[in-house]
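S.K.: Handing you a structure now.
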Amino acid sequence: MGFGDLKTPAGLKVLNEFLTDKSYIEGYVPSQADIAVFDALSGAPSADLCHALRWYNHIKSYQKEKGSLPGVKKPLGQYGPAGVEDTTAAAPAAADEDDDDIDLFGSDEEEDEETIKIKEERLAAYNAKKAKKPALIAKSSILLDVKPWDDETDMAKLEECVRSIQLDGLVWGQSKLLPVGYGIKKLQIACVVEDDKVGTDQLEELITAFEDFVQSMDVAAFNKI
């Protein structure tokens with residue numbers, strides 16, 4: 001597994017293709033997997049790599065809280081599509097203030113086999129400790145704008161269709177109709193989702209499937225709980 005060399009156009013192209021149908025490197029919520037890949041990039045992908053650029057800008061917004069994101073960083077070769085080898089040159093590791101002040105690597109510049117073995121044992125012990133911490137259920141509050149085709153669309157039926165979507169980790173909230181123009185109103189509806197179970201891409205696909213009523217769906221607001 002891997003993306004090739006993420007510091008080259010070829011590696012970024014692999015990343016872009018990998019993210020075509022994904023919001024994150026792993027799962028349905030930002031994690032240390034995203035931070036590991038983000039940190040390996042030299043900068044933002046070019047505009048023609050729209051999926052990679054969308055992901056890059058989203059993960060960039062988590063930089064101040066990246067230490068608190070779930071998961072444990074793994075080597076780049078453990079992420080990405082199968083059949084692609086990671087060849088990204090390693091960058092100097094920055095100090096992580098959220099690692100309970102554990103010195104994993106010491107300060108010796110020259111390493112022998114015994115030193116490497118000790119480091120690997122300490123790293124394994126630290127990762128095991130992190131893995132035992134209880135996982136928090138990450139939730140988000142989302143406000144959706146659902147637009148009809150025209151002013152003749154039955155908005156009561158449109159809302160009924162939207163609320164008929166039942167998923168594990170999805171709870172619908174309050175809704176209201178807001179004027180758009182030319183007599184057309186849109187449905188604005190709130191919901192709470194568990195991030196690792198329900199994503200906005202999934203909601204959009206399910207809601208716009210009611211194509212007789214729904215023209216489009218947009219995320220009006222997105223807040224972590």
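Every chain in the structure tokens takes a letter, A first, then B, and so on in the order presented; its residues are numbered from 1, and the ligands are numbered from 1 following the presented order.
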Tell me which protein, DNA and RNA residues are within 7 Å of range 44-57 of chain A, counting only C-alpha atoms, leaving out same-chain ones fewer than 2 positions away, and put them as a PyMOL selection string.
M.R.: chain A and resi 12-13+15-16+19-20+23+38+59-61
S.K.: Point out the residue among A:Leu203, A:Lys66, A:Thr87, A:Pro75 with the least atom-to-atom distance to Leu6 in chain A, counting only C-alpha atoms.
M.R.: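 Ranking A:Leu203, A:Lys66, A:Thr87, A:Pro75 by distance to Leu6 in chain A, first place goes to A:Thr87.
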S.K.: Rounded to one decimal, what separation in Å do you get between CA of Gln32 in chain A and CA of Pro9 in chain A?
M.R.: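 Going from CA of Gln32 in chain A over to CA of Pro9 in chain A, I get 23.4 Å.
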S.K.: Please give the complete set of residues from chain A that DSSP, run on the backbone, assigns to strand (DSSP E or B), formatted as a PyMOL selection string.
M.R.: chain A and resi 139-148+170-181+184-194+214-224
S.K.: Using only C-alpha atoms for the distances, tell me which of A:Tyr182, A:Phe222, A:Tyr28, A:Phe210 is nearest to Arg163 in chain A.
M.R.: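 Among A:Tyr182, A:Phe222, A:Tyr28, A:Phe210, it is A:Phe210 that comes nearest to Arg163 in chain A.
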S.K.: Check the smallest atom-to-atom distance from each of A:Ile184, A:Leu177, A:Leu144, A:Val198 to Val219 in chain A using only C-alpha atoms, then report the winner.
M.R.: A:Leu144
S.K.: For Ala36 in chain A, which residue out of A:Thr88, A:Ser141, A:Thr8, A:Thr115 is the nearest one, using only C-alpha atoms?
M.R.: A:Thr88
S.K.: Hey, can you check how far CA of Tyr24 in chain A sits from CA of Gln215 in chain A?
M.R.: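 Computing it gives 26.6 Å between the two atoms.
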S.K.: Of the candidates A:Pro148, A:Gly83, A:Pro179, A:Gly27, which shows the shortest atom-to-atom distance to Asp195 in chain A, using only C-alpha atoms?
M.R.: A:Gly27
S.K.: I'd like the interatomic distance between CA of Ala156 in chain A and CA of Cys191 in chain A, to a tenth of an Å.
M.R.: 17.6 Å
S.K.: Skip Asp212 in chain A itself and residues of its chain fewer than 4 positions away, then list as a ChimeraX atom specification all residues within 9 Å of it, counting only C-alpha atoms.
M.R.: /A:148-149,153,158
S.K.: What's around Asp201 in chain A at 9 Å? Count only C-alpha atoms, leave out sequence neighbours fewer than 5 positions away in its own chain, and write the answer as number ranges by chain.
M.R.: A: 21-23, 206
S.K.: For the selection you just gave me, I'd like the residues written to a file as a PDB file, in the first residue's frame, keeping C-alpha atoms.
M.R.:
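Generated file (selection.pdb):
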ATOM      1  CA  ASP A  21     -15.047   8.492  -3.455  1.00  0.00           C
ATOM      2  CA  LYS A  22     -13.630   9.112   0.019  1.00  0.00           C
ATOM      3  CA  SER A  23     -13.761  12.035   2.450  1.00  0.00           C
ATOM      4  CA  LEU A 206     -29.686   9.411  -0.503  1.00  0.00           C
TER       5      LEU A 206
END
S.K.: Using only C-alpha atoms, which of the listed residues (A:Asp5, A:Asp154, A:Glu114, A:Asp145) sits closest to Ser216 in chain A?
M.R.: A:Asp145
S.K.: Show me, as a PyMOL selection string, the residues that have an atom within 8 Å of Gly4 in chain A when counting only C-alpha atoms, minus same-chain residues fewer than 4 positions from it.
M.R.: chain A and resi 10-11+14+84-88
S.K.: List every residue of range 41-196 of chain A that DSSP, applied to the backbone of this structure, places in alpha helix (DSSP H), and write the result as a VMD selection string.
M.R.: chain A and resid 50 to 60 113 to 132 155 to 163
